[in-house]
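J.: This is the content of model23.txt (compact mmCIF, C-alpha atoms and all ligand atoms):
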# COMPACT_ATOMS: atom_id res chain seq x y z
CA MET P 1 0.00 0.00 0.00
CA PHE P 2 1.35 3.40 -0.89
CA PHE P 3 0.17 6.61 0.70
CA CYS P 4 1.47 9.89 -0.59
CA ALA P 5 1.18 13.40 0.74
CA ARG P 6 2.30 15.78 -1.99
CA VAL P 7 0.87 14.79 -1.70
CA THR P 8 0.85 12.35 1.14
CA THR P 9 0.56 8.83 -0.17
CA PHE P 10 0.20 5.36 1.11
CA ARG P 11 0.98 2.66 -1.36
CA ALA P 12 -0.53 -0.71 -0.77
CA PHE P 13 2.11 -2.86 -2.13
CA ALA P 14 -0.50 -5.46 -2.08
CA ARG P 15 1.62 -8.01 -3.79
CA ARG P 16 -0.79 -10.75 -2.95
CA LEU P 17 -1.42 -9.28 0.36
CA SER P 18 -2.22 -7.40 -0.72
CA VAL P 19 -17.70 -0.56 -27.29
CA ALA P 20 -19.89 0.57 -28.25
CA SER P 21 -18.79 4.06 -29.22
CA ARG P 22 -20.01 6.77 -26.90
CA SER P 23 -23.40 5.49 -25.90
CA LEU P 24 -22.58 5.59 -22.25
CA ALA P 25 -25.19 4.42 -19.89
CA THR P 26 -23.59 5.35 -16.59
CA MET P 27 -21.42 8.28 -17.45
CA SER P 28 -21.68 11.50 -19.22
CA ALA P 29 -19.14 14.09 -20.18
CA GLY P 30 -21.94 16.63 -20.25
CA ASN P 31 -20.32 19.92 -21.14
CA VAL P 32 -16.97 18.83 -19.83
CA ASP P 33 -14.09 19.47 -22.19
CA THR P 34 -11.81 16.46 -22.11
CA SER P 35 -9.03 18.24 -24.01
CA GLY P 36 -9.11 15.66 -26.78
CA ILE P 37 -8.86 12.64 -24.50
CA PRO P 38 -11.29 10.07 -25.93
CA ILE P 39 -14.10 8.64 -23.85
CA VAL P 40 -14.45 4.91 -24.38
CA SER P 41 -17.17 2.69 -23.02
CA PHE P 42 -16.01 -0.69 -21.87
CA ALA P 43 -19.57 -2.03 -21.89
CA ASN P 44 -18.79 -4.40 -24.76
CA SER P 45 -15.34 -5.44 -23.63
CA GLY P 46 -16.77 -8.76 -22.45
CA SER P 47 -19.29 -9.14 -25.27
CA LEU P 48 -19.81 -12.58 -26.74
CA LEU P 49 -19.42 -11.00 -30.14
CA PHE P 50 -15.81 -10.83 -31.22
CA ALA P 51 -16.46 -7.88 -33.52
CA GLN P 52 -17.76 -5.84 -30.60
CA ARG P 53 -14.82 -6.72 -28.39
CA ARG P 54 -12.44 -5.81 -31.18
CA GLU P 55 -14.15 -2.49 -31.79
CA THR P 56 -13.79 -1.61 -28.10
CA ALA P 57 -10.16 -2.74 -28.14
CA ARG P 58 -9.41 -0.56 -31.14
CA GLN P 59 -10.82 2.48 -29.38
CA VAL P 60 -8.64 1.85 -26.35
CA VAL P 61 -5.55 1.31 -28.49
CA ASP P 62 -6.31 4.42 -30.58
CA GLY P 63 -6.47 6.47 -27.38
CA PHE P 64 -3.18 5.04 -26.15
CA LYS P 65 -1.55 5.83 -29.48
CA SER P 66 -2.90 9.33 -29.91
CA THR P 67 -2.93 10.91 -26.44
CA GLY P 68 -1.79 8.10 -24.14
CA PHE P 69 -4.97 8.67 -22.14
CA VAL P 70 -8.57 7.49 -22.25
CA TYR P 71 -11.57 8.05 -20.03
CA LEU P 72 -13.01 4.58 -19.56
CA GLY P 73 -16.67 4.17 -18.70
CA ASN P 74 -18.50 0.99 -17.75
CA HIS P 75 -15.22 -0.18 -16.31
CA GLY P 76 -16.74 -2.55 -13.82
CA ILE P 77 -15.84 -0.72 -10.59
CA SER P 78 -18.97 0.71 -9.07
CA GLU P 79 -19.20 4.37 -8.15
CA LYS P 80 -20.17 3.32 -4.64
CA VAL P 81 -16.94 1.40 -4.23
CA VAL P 82 -14.89 4.29 -5.60
CA GLN P 83 -16.56 6.70 -3.17
CA GLU P 84 -15.88 4.36 -0.30
CA ALA P 85 -12.24 4.15 -1.33
CA PHE P 86 -12.01 7.96 -1.16
CA LYS P 87 -13.69 7.99 2.23
CA ARG P 88 -11.36 5.39 3.68
CA SER P 89 -8.34 7.06 2.17
CA ASP P 90 -9.41 10.29 3.84
CA GLU P 91 -9.72 8.50 7.17
CA PHE P 92 -6.17 7.29 6.84
CA PHE P 93 -4.81 10.77 6.12
CA GLN P 94 -6.67 12.17 9.13
CA LEU P 95 -4.46 10.05 11.37
CA PRO P 96 -1.82 11.89 13.40
CA PHE P 97 1.47 12.36 11.59
CA ASP P 98 3.47 9.92 13.73
CA LYS P 99 1.05 7.09 13.06
CA LYS P 100 1.50 7.65 9.34
CA GLN P 101 5.21 8.22 9.60
CA ALA P 102 5.55 4.88 11.38
CA LEU P 103 4.64 3.40 8.00
CA ALA P 104 7.25 5.39 6.09
CA TRP P 105 8.28 4.29 2.62
CA GLU P 106 11.65 2.62 2.98
CA ASP P 107 13.11 1.39 -0.23
CA PRO P 108 12.36 0.53 -3.83
CA ARG P 109 12.50 -3.21 -3.25
CA PHE P 110 9.22 -2.95 -1.41
CA ASN P 111 7.94 0.34 -2.74
CA ARG P 112 5.20 0.83 -0.27
CA GLY P 113 4.45 2.95 2.72
CA TYR P 114 3.81 6.51 3.66
CA VAL P 115 5.52 9.29 1.73
CA GLN P 116 5.35 12.65 3.38
CA GLN P 117 5.29 15.86 1.45
CA GLY P 118 8.52 16.78 -0.28
CA ARG P 119 10.08 13.34 -0.30
CA GLU P 120 9.37 12.47 -3.87
CA ARG P 121 11.40 13.16 -6.98
CA VAL P 122 14.73 13.32 -5.21
CA ALA P 123 17.36 11.01 -6.54
CA ASN P 124 19.37 8.76 -4.29
CA SER P 125 22.29 6.56 -4.98
CA GLN P 126 21.32 3.03 -4.04
CA ASP P 127 23.00 0.36 -6.03
CA GLU P 128 20.72 -1.49 -8.41
CA LYS P 129 22.42 -4.85 -8.10
CA GLU P 130 22.38 -4.56 -4.34
CA ILE P 131 18.66 -3.86 -4.44
CA ALA P 132 18.03 -6.91 -6.63
CA ARG P 133 20.20 -9.06 -4.36
CA LEU P 134 18.44 -7.91 -1.22
CA ARG P 135 15.08 -8.40 -2.82
CA ALA P 136 15.93 -11.96 -3.81
CA SER P 137 17.09 -12.68 -0.27
CA VAL P 138 13.81 -11.54 1.26
CA PRO P 139 11.32 -14.32 0.69
CA ASP P 140 8.22 -12.52 1.76
CA TYR P 141 7.65 -8.83 1.24
CA LYS P 142 7.02 -6.87 4.34
CA ASN P 143 3.51 -5.59 4.58
CA MET P 144 2.71 -2.18 5.90
CA TRP P 145 -0.70 -1.42 7.21
CA PRO P 146 -2.03 1.01 9.77
CA HIS P 147 -3.35 -0.54 13.00
CA GLU P 148 -6.81 -1.96 12.54
CA SER P 149 -8.09 0.03 15.53
CA ASP P 150 -6.90 3.30 13.95
CA VAL P 151 -8.81 2.81 10.69
CA PRO P 152 -11.22 -0.11 11.17
CA GLY P 153 -11.95 -2.00 7.97
CA PHE P 154 -9.33 -0.11 5.97
CA ARG P 155 -7.12 -3.06 5.22
CA ALA P 156 -9.89 -5.46 4.22
CA PHE P 157 -11.49 -2.84 2.00
CA MET P 158 -8.23 -1.88 0.29
CA LEU P 159 -7.32 -5.49 -0.38
CA GLU P 160 -10.64 -6.04 -2.06
CA PHE P 161 -10.32 -2.78 -3.97
CA PHE P 162 -6.88 -3.86 -5.12
CA GLN P 163 -8.32 -7.09 -6.47
CA THR P 164 -11.11 -5.26 -8.27
CA CYS P 165 -8.64 -2.87 -9.88
CA HIS P 166 -6.43 -5.77 -10.90
CA GLU P 167 -9.35 -7.38 -12.68
CA SER P 168 -10.17 -4.16 -14.54
CA HIS P 169 -6.52 -3.87 -15.52
CA VAL P 170 -6.60 -7.41 -16.94
CA ARG P 171 -9.54 -6.39 -19.14
CA VAL P 172 -7.62 -3.33 -20.31
CA MET P 173 -4.59 -5.45 -21.16
CA ARG P 174 -6.79 -7.91 -23.03
CA ALA P 175 -8.04 -4.96 -25.06
CA VAL P 176 -4.44 -3.88 -25.66
CA ALA P 177 -3.59 -7.32 -27.04
CA LEU P 178 -6.70 -7.51 -29.18
CA GLY P 179 -6.23 -3.95 -30.43
CA LEU P 180 -2.78 -5.01 -31.64
CA ASP P 181 -4.35 -7.97 -33.46
CA LEU P 182 -2.91 -10.45 -30.98
CA GLN P 183 -4.77 -13.16 -29.09
CA GLU P 184 -6.75 -11.55 -26.27
CA ASN P 185 -4.91 -13.61 -23.70
CA PHE P 186 -1.50 -12.94 -25.25
CA LEU P 187 -0.28 -10.95 -22.23
CA GLN P 188 -2.03 -13.08 -19.63
CA ASP P 189 0.93 -14.98 -18.23
CA LYS P 190 2.95 -11.77 -17.89
CA ILE P 191 0.38 -9.78 -15.95
CA ASN P 192 -1.13 -12.25 -13.51
CA ALA P 193 1.18 -11.91 -10.49
CA GLN P 194 -0.48 -8.73 -9.25
CA ASP P 195 2.81 -6.90 -8.76
CA HIS P 196 0.94 -3.62 -8.76
CA ASN P 197 0.79 -0.64 -6.44
CA LEU P 198 -2.31 1.00 -5.10
CA ARG P 199 -1.55 4.59 -4.24
CA LEU P 200 -3.76 6.84 -2.19
CA MET P 201 -3.03 10.52 -2.59
CA HIS P 202 -3.89 13.46 -0.46
CA TYR P 203 -3.06 16.98 -1.55
CA PRO P 204 -3.51 19.20 1.48
CA ALA P 205 -5.39 22.48 1.28
CA ILE P 206 -2.98 25.22 0.31
CA LYS P 207 -2.98 29.00 0.05
CA SER P 208 -3.80 29.82 -3.54
CA ASP P 209 -0.94 32.28 -4.02
CA LEU P 210 1.52 29.49 -3.24
CA LEU P 211 0.05 27.19 -5.86
CA HIS P 212 -0.22 29.89 -8.47
CA ASN P 213 3.41 30.90 -8.22
CA ASP P 214 5.41 29.79 -11.21
CA GLY P 215 6.91 26.36 -10.85
CA GLN P 216 4.58 25.35 -8.05
CA ALA P 217 2.43 22.39 -8.83
CA ARG P 218 0.67 19.87 -6.67
CA ALA P 219 2.43 17.21 -8.67
CA GLY P 220 5.11 18.23 -11.15
CA ALA P 221 5.00 17.10 -14.77
CA HIS P 222 5.96 13.45 -15.09
CA THR P 223 5.24 10.27 -16.95
CA ASP P 224 4.37 7.09 -15.09
CA TYR P 225 6.77 4.18 -15.10
CA TRP P 226 4.76 0.98 -15.46
CA THR P 227 2.26 -0.30 -18.05
CA VAL P 228 -0.97 1.56 -17.32
CA THR P 229 -2.36 3.66 -14.48
CA LEU P 230 -6.00 3.60 -13.41
CA LEU P 231 -6.64 7.06 -11.97
CA PHE P 232 -9.65 8.00 -9.90
CA GLN P 233 -10.00 11.70 -9.23
CA ASP P 234 -11.87 13.34 -6.47
CA PRO P 235 -15.15 14.36 -8.09
CA ALA P 236 -16.10 18.01 -8.20
CA ARG P 237 -17.44 19.13 -4.88
CA ASP P 238 -17.64 22.27 -2.81
CA GLY P 239 -16.79 24.39 -5.82
CA PHE P 240 -13.63 22.49 -6.50
CA VAL P 241 -12.60 20.45 -9.49
CA GLY P 242 -9.57 18.38 -10.31
CA GLY P 243 -6.38 20.03 -11.35
CA LEU P 244 -5.02 17.14 -13.42
CA GLN P 245 -3.54 18.38 -16.68
CA VAL P 246 -2.29 16.34 -19.61
CA GLN P 247 0.21 17.50 -22.19
CA ASN P 248 -1.08 17.73 -25.73
CA PRO P 249 1.46 15.69 -27.73
CA THR P 250 1.31 18.08 -30.67
CA THR P 251 1.13 21.55 -29.15
CA LYS P 252 3.00 20.53 -25.97
CA GLU P 253 0.53 22.59 -23.97
CA PHE P 254 -1.03 21.23 -20.82
CA ALA P 255 -4.80 21.03 -20.80
CA PRO P 256 -7.22 20.00 -18.05
CA ALA P 257 -8.45 16.42 -17.71
CA PRO P 258 -11.28 16.98 -15.25
CA PRO P 259 -13.02 14.19 -13.37
CA ILE P 260 -16.01 12.69 -15.20
CA PRO P 261 -18.28 10.73 -12.88
CA GLY P 262 -18.59 7.08 -13.85
CA THR P 263 -15.24 6.99 -15.62
CA VAL P 264 -11.72 6.12 -14.65
CA ILE P 265 -8.80 7.67 -16.46
CA ILE P 266 -6.42 5.11 -17.92
CA ASN P 267 -3.07 6.30 -19.09
CA THR P 268 -0.25 4.48 -20.78
CA ALA P 269 3.03 4.54 -18.89
CA ASP P 270 6.70 4.19 -19.83
CA LEU P 271 7.06 0.44 -19.66
CA LEU P 272 4.09 -0.18 -21.95
CA ALA P 273 5.43 2.45 -24.33
CA ARG P 274 8.72 0.58 -24.33
CA TRP P 275 6.99 -2.79 -24.71
CA SER P 276 5.13 -1.43 -27.75
CA ASN P 277 8.26 0.11 -29.33
CA ASP P 278 6.74 3.54 -28.61
CA LEU P 279 3.59 2.80 -30.56
CA PHE P 280 1.77 3.87 -27.38
CA ARG P 281 2.52 7.22 -25.84
CA SER P 282 3.54 7.77 -22.27
CA THR P 283 2.31 11.31 -21.88
CA LEU P 284 3.44 14.00 -19.46
CA HIS P 285 0.83 15.01 -16.91
CA ARG P 286 0.77 17.09 -13.74
CA VAL P 287 -1.53 18.36 -11.03
CA VAL P 288 -1.96 22.12 -10.66
CA ALA P 289 -4.40 24.50 -9.02
CA PRO P 290 -7.95 23.95 -10.16
CA PRO P 291 -9.50 26.70 -12.29
CA PHE P 292 -9.34 29.85 -10.23
CA LYS P 293 -12.96 30.87 -10.46
CA LEU P 294 -13.94 27.67 -8.70
CA ILE P 295 -11.83 28.35 -5.66
CA ASN P 296 -13.10 29.99 -2.56
CA GLU P 297 -11.33 33.23 -3.34
CA GLY P 298 -12.54 34.94 -0.22
CA GLU P 299 -10.32 32.79 1.92
CA GLY P 300 -7.61 32.38 -0.71
CA ILE P 301 -7.44 28.68 0.03
CA ILE P 302 -7.43 25.90 -2.51
CA PRO P 303 -9.19 22.98 -0.89
CA LYS P 304 -7.58 19.65 -0.38
CA ARG P 305 -7.75 17.13 -3.18
CA GLN P 306 -7.74 13.37 -3.20
CA SER P 307 -6.92 10.94 -5.93
CA ILE P 308 -6.35 7.21 -6.11
CA ALA P 309 -4.01 5.65 -8.61
CA PHE P 310 -3.61 1.97 -9.36
CA PHE P 311 -0.20 1.53 -10.93
CA CYS P 312 -0.13 -1.66 -12.99
CA ASN P 313 3.03 -3.64 -13.43
CA PRO P 314 3.67 -6.73 -15.46
CA ASN P 315 4.96 -9.62 -13.32
CA PHE P 316 8.23 -8.56 -11.76
CA ASN P 317 10.09 -11.46 -13.38
CA ALA P 318 8.50 -10.98 -16.81
CA GLU P 319 10.81 -10.16 -19.66
CA ILE P 320 9.63 -7.10 -21.51
CA SER P 321 10.72 -7.33 -25.10
CA CYS P 322 9.11 -5.71 -28.10
CA LEU P 323 5.55 -6.95 -28.71
CA PRO P 324 4.66 -8.57 -32.02
CA HIS P 325 3.12 -6.21 -34.56
CA CYS P 326 5.03 -3.30 -33.05
CA PHE P 327 8.12 -3.63 -35.21
CA GLY P 328 8.94 -4.59 -38.76
CA PRO P 329 10.76 -3.43 -41.84
CA GLY P 330 11.48 0.26 -41.44
CA ASN P 331 10.48 0.09 -37.77
CA PRO P 332 13.24 -1.73 -35.91
CA MET P 333 13.06 -2.69 -32.24
CA LYS P 334 14.38 0.25 -30.26
CA TYR P 335 14.93 -1.31 -26.85
CA ASP P 336 16.74 -4.24 -25.35
CA PRO P 337 14.70 -6.71 -23.35
CA VAL P 338 14.47 -5.88 -19.65
CA THR P 339 12.68 -7.49 -16.74
CA THR P 340 9.96 -5.50 -15.05
CA GLU P 341 11.89 -5.56 -11.83
CA GLU P 342 15.11 -4.21 -13.33
CA TYR P 343 13.23 -1.44 -15.01
CA ILE P 344 10.91 -0.39 -12.19
CA VAL P 345 13.48 -0.58 -9.40
CA ARG P 346 15.82 1.57 -11.43
CA ARG P 347 13.12 4.18 -11.99
CA LEU P 348 12.01 4.21 -8.38
CA ARG P 349 15.57 4.45 -7.16
CA GLU P 350 15.84 7.72 -9.06
CA THR P 351 12.64 9.04 -7.56
CA TYR P 352 12.78 8.83 -3.80
CA LEU P 353 15.05 9.94 -1.05
O1 LIG H 401 -3.39 13.00 -8.50
C1 LIG H 401 -3.53 12.87 -9.71
O2 LIG H 401 -4.59 13.15 -10.27
C2 LIG H 401 -2.40 12.36 -10.59
C3 LIG H 401 -1.33 11.64 -9.83
C4 LIG H 401 -0.30 11.06 -10.73
O3 LIG H 401 -0.20 11.40 -11.88
C5 LIG H 401 0.62 10.02 -10.21
O4 LIG H 401 0.62 9.76 -9.01
O5 LIG H 401 1.37 9.44 -11.01
FE FE H 402 1.14 10.10 -12.91
Mind turning this structure into structure tokens?
T.:
Amino acid sequence: MFFCARVTTFRAFARRLSVASRSLATMSAGNVDTSGIPIVSFANSGSLLFAQRRETARQVVDGFKSTGFVYLGNHGISEKVVQEAFKRSDEFFQLPFDKKQALAWEDPRFNRGYVQQGRERVANSQDEKEIARLRASVPDYKNMWPHESDVPGFRAFMLEFFQTCHESHVRVMRAVALGLDLQENFLQDKINAQDHNLRLMHYPAIKSDLLHNDGQARAGAHTDYWTVTLLFQDPARDGFVGGLQVQNPTTKEFAPAPPIPGTVIINTADLLARWSNDLFRSTLHRVVAPPFKLINEGEGIIPKRQSIAFFCNPNFNAEISCLPHCFGPGNPMKYDPVTTEEYIVRRLRETYL
């Protein structure tokens, strides 16, 4: 489990502990401008009709190729469950600092725990081989959970939520395979170990002038490291919306990707881009102040924000080498094979102090 307080996060390293076009029954973009990010309904992703599954898969793959982002509706995780996840996440972040700090993120081998504000994005110098050696010598990964009495039901709920997100991710990866004209289960044996991270994020309320100063962002521009991220954003409430912005690959400008009820944002990350020989984009995104007119200007305070990200990894021991149909004459393989673990540990090592 991974908690982050940029953000404060808690990452549940729950490693086993842990279309039909736009006819969307349970979601609506209304007047929301999605800045070119396609909205895809997953309603037909499990259809008995191959043609329907393939059409859905193509829409997902088109989104990953063009913007690296899609809003996915009918994704199989109920709104009630998502709301409960936000509520329980909030309960965790209400805990006194020392209870959270007792769960502090320790090292990239485990990649879970509480990350207090300011700790992220600072390089350190741990040795990669040493990390791999230590990891191999630790048979069972240490689990980090708050005391049951501090947040009753938190652990059981998050474990179940993790499982639900894993299952949605499997459906997305089936669509990826099918959208590349591969067998739907082509990736199955590389994505079934549940080596993912569930990350709960809490962006504290902040004085608006601080967040509007140049260079100040709630989360600086970055790409994600793994295959895909499932991102749930705090829905608009109390005159406050989102703050997530996604870079337009053509103009390079950042544009808002506001929450749309009933959808989850799915974005392609670096390892899937690499796996696909850069057919899929891993797009820069960041979190900034929400649109100013929506803030309580009287008090000059930007309210807190929550988000929940499910970072999906292939199995840690899986070899990631260029997928079929992603290379060919005139399009050579760009990257050497790498295991998920080598790749992810290296990236995380560069991220945290
Ligand atoms: O909080 C958000 O909406 C985005 C967070 C994010 O991009 C990340 O944690 O990688
Ligand atoms: Fe991200």
J.: Step by step, measure atom-to-atom distances between ligand LIG 401 (chain H) and each residue using only C-alpha atoms and all ligand atoms, keep those at most 7 Å, then write them as a ChimeraX atom specification.
T.: /P:201,219,224,231,233,244,285-287,306-309
J.: So that I have them on file, write out the residues from the current selection with C-alpha atoms, as an mmCIF file, keeping the file's coordinate frame.
T.:
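And here is the file that came out, result26.cif:
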data_model
loop_
_atom_site.group_PDB
_atom_site.id
_atom_site.type_symbol
_atom_site.label_atom_id
_atom_site.label_comp_id
_atom_site.auth_asym_id
_atom_site.auth_seq_id
_atom_site.Cartn_x
_atom_site.Cartn_y
_atom_site.Cartn_z
ATOM 1 C CA MET P 201 -3.030 10.520 -2.590
ATOM 2 C CA ALA P 219 2.430 17.210 -8.670
ATOM 3 C CA ASP P 224 4.370 7.090 -15.090
ATOM 4 C CA LEU P 231 -6.640 7.060 -11.970
ATOM 5 C CA GLN P 233 -10.000 11.700 -9.230
ATOM 6 C CA LEU P 244 -5.020 17.140 -13.420
ATOM 7 C CA HIS P 285 0.830 15.010 -16.910
ATOM 8 C CA ARG P 286 0.770 17.090 -13.740
ATOM 9 C CA VAL P 287 -1.530 18.360 -11.030
ATOM 10 C CA GLN P 306 -7.740 13.370 -3.200
ATOM 11 C CA SER P 307 -6.920 10.940 -5.930
ATOM 12 C CA ILE P 308 -6.350 7.210 -6.110
ATOM 13 C CA ALA P 309 -4.010 5.650 -8.610
#
J.: Set out as a tab-separated table a contact list for chain P and ligand FE 402 (chain H) with a cut-off of 12 Å, giving each residue of chain P that qualifies its closest atom pair and distance in Å to one decimal, counting only C-alpha atoms and all ligand atoms, ordered by chain and rising residue number.
T.:
residue	atom	partner	partner_atom	distance
P:Gly68	CA	H:FE402	FE	11.8
P:Phe69	CA	H:FE402	FE	11.2
P:Arg199	CA	H:FE402	FE	10.6
P:Met201	CA	H:FE402	FE	11.1
P:Arg218	CA	H:FE402	FE	11.6
P:Ala219	CA	H:FE402	FE	8.4
P:Gly220	CA	H:FE402	FE	9.2
P:Ala221	CA	H:FE402	FE	8.2
P:His222	CA	H:FE402	FE	6.3
P:Thr223	CA	H:FE402	FE	5.8
P:Asp224	CA	H:FE402	FE	4.9
P:Tyr225	CA	H:FE402	FE	8.5
P:Trp226	CA	H:FE402	FE	10.1
P:Thr227	CA	H:FE402	FE	11.7
P:Val228	CA	H:FE402	FE	9.8
P:Thr229	CA	H:FE402	FE	7.5
P:Leu230	CA	H:FE402	FE	9.7
P:Leu231	CA	H:FE402	FE	8.4
P:Phe232	CA	H:FE402	FE	11.4
P:Gln233	CA	H:FE402	FE	11.8
P:Leu244	CA	H:FE402	FE	9.4
P:Gln245	CA	H:FE402	FE	10.2
P:Val246	CA	H:FE402	FE	9.8
P:Gln247	CA	H:FE402	FE	11.9
P:Ile265	CA	H:FE402	FE	10.8
P:Ile266	CA	H:FE402	FE	10.4
P:Asn267	CA	H:FE402	FE	8.4
P:Thr268	CA	H:FE402	FE	9.8
P:Ala269	CA	H:FE402	FE	8.4
P:Asp270	CA	H:FE402	FE	10.7
P:Ser282	CA	H:FE402	FE	9.9
P:Thr283	CA	H:FE402	FE	9.1
P:Leu284	CA	H:FE402	FE	8.0
P:His285	CA	H:FE402	FE	6.3
P:Arg286	CA	H:FE402	FE	7.0
P:Val287	CA	H:FE402	FE	8.9
P:Ser307	CA	H:FE402	FE	10.7
P:Ile308	CA	H:FE402	FE	10.5
P:Ala309	CA	H:FE402	FE	8.1
P:Phe310	CA	H:FE402	FE	10.1
P:Phe311	CA	H:FE402	FE	8.9
P:Cys312	CA	H:FE402	FE	11.8
J.: So which residues touch range 256-263 of chain P within 6 Å, counting all atoms listed in the file, skipping near sequence neighbours fewer than 6 positions away, as a PyMOL selection string?
T.: chain P and resi 26-27+34+71-73+233+235+242+244-245
J.: Quick one: residues within 8 Å of Ser168 in chain P, all atoms listed in the file, excluding same-chain residues fewer than 5 positions away - as an MDAnalysis selection string?
T.: chainID P and resid 75:77
J.: Quick one: residues within 10 Å of Asn331 in chain P, all atoms listed in the file, excluding same-chain residues fewer than 4 positions away - as a list in words?
T.: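 After dropping sequence-adjacent residues, the list is Asn277, Cys326 and Phe327 of chain P.
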J.: Looking at only C-alpha atoms, which of P:Leu198, P:Glu184, P:Glu160, P:Val264 is the one that sits closest to Ile39 in chain P?
T.: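 Looking only at the distances to Ile39 in chain P, the closest residue turns out to be P:Val264.
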J.: Just the residues within 7 Å of range 84-98 of chain P, please, counting only C-alpha atoms, with nothing from its chain fewer than 6 positions along; format it as a list in words.
T.: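 In the requested form, the answer reads Val151, Phe154 and Leu200 of chain P.
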J.: Go through P:Thr251, P:Lys99, P:Arg349, P:Asp62 one by one, measure the shortest atom-to-atom distance of each to Asp150 in chain P using only C-alpha atoms, and give the residue with the smallest value.
T.: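 Among the listed residues, P:Lys99 lies closest to Asp150 in chain P.
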J.: List as a list in words: which residues have an atom within 9 Å of (9.7, -9.7, -11.7), counting all atoms listed in the file?
T.: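 Counting all atoms listed in the file, I find these residues within 9 Å of (9.7, -9.7, -11.7): Ala193, Asp195, Pro314, Asn315, Phe316, Asn317, Ala318, Glu319, Thr339, Thr340, Glu341 and Glu342 of chain P.
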J.: When you draw a straight line from CA of His325 in chain P to CA of Trp275 in chain P, how long is it in Å?
T.: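 Taking CA of His325 in chain P as the start and CA of Trp275 in chain P as the end point, the length is 11.1 Å.
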J.: Selecting N, CA and C atoms, how would range 32-45 of chain P from this structure be written as a compact mmCIF listing (two decimals), in the first residue's frame?
T.:
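Output saved as part_13.txt:
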# COMPACT_ATOMS: atom_id res chain seq x y z
N VAL P 32 -18.38 18.85 -20.22
CA VAL P 32 -16.97 18.83 -19.83
C VAL P 32 -16.08 18.70 -21.05
N ASP P 33 -15.07 19.54 -21.11
CA ASP P 33 -14.09 19.47 -22.19
C ASP P 33 -12.98 18.52 -21.76
N THR P 34 -12.81 17.45 -22.50
CA THR P 34 -11.81 16.46 -22.11
C THR P 34 -10.46 16.71 -22.79
N SER P 35 -10.30 17.85 -23.37
CA SER P 35 -9.03 18.24 -24.01
C SER P 35 -8.55 17.19 -25.01
N GLY P 36 -9.49 16.61 -25.73
CA GLY P 36 -9.11 15.66 -26.78
C GLY P 36 -8.89 14.24 -26.30
N ILE P 37 -9.01 14.01 -25.00
CA ILE P 37 -8.86 12.64 -24.50
C ILE P 37 -10.15 11.88 -24.82
N PRO P 38 -10.06 10.76 -25.54
CA PRO P 38 -11.29 10.07 -25.93
C PRO P 38 -12.00 9.43 -24.74
N ILE P 39 -13.30 9.35 -24.85
CA ILE P 39 -14.10 8.64 -23.85
C ILE P 39 -14.50 7.32 -24.49
N VAL P 40 -14.17 6.25 -23.83
CA VAL P 40 -14.45 4.91 -24.38
C VAL P 40 -15.32 4.16 -23.39
N SER P 41 -16.36 3.56 -23.89
CA SER P 41 -17.17 2.69 -23.02
C SER P 41 -16.63 1.27 -23.10
N PHE P 42 -16.49 0.69 -21.93
CA PHE P 42 -16.01 -0.69 -21.87
C PHE P 42 -17.17 -1.68 -21.79
N ALA P 43 -18.39 -1.18 -22.06
CA ALA P 43 -19.57 -2.03 -21.89
C ALA P 43 -19.47 -3.31 -22.71
N ASN P 44 -18.86 -3.22 -23.89
CA ASN P 44 -18.79 -4.40 -24.76
C ASN P 44 -17.46 -5.14 -24.68
N SER P 45 -16.65 -4.81 -23.68
CA SER P 45 -15.34 -5.44 -23.63
C SER P 45 -15.45 -6.93 -23.33
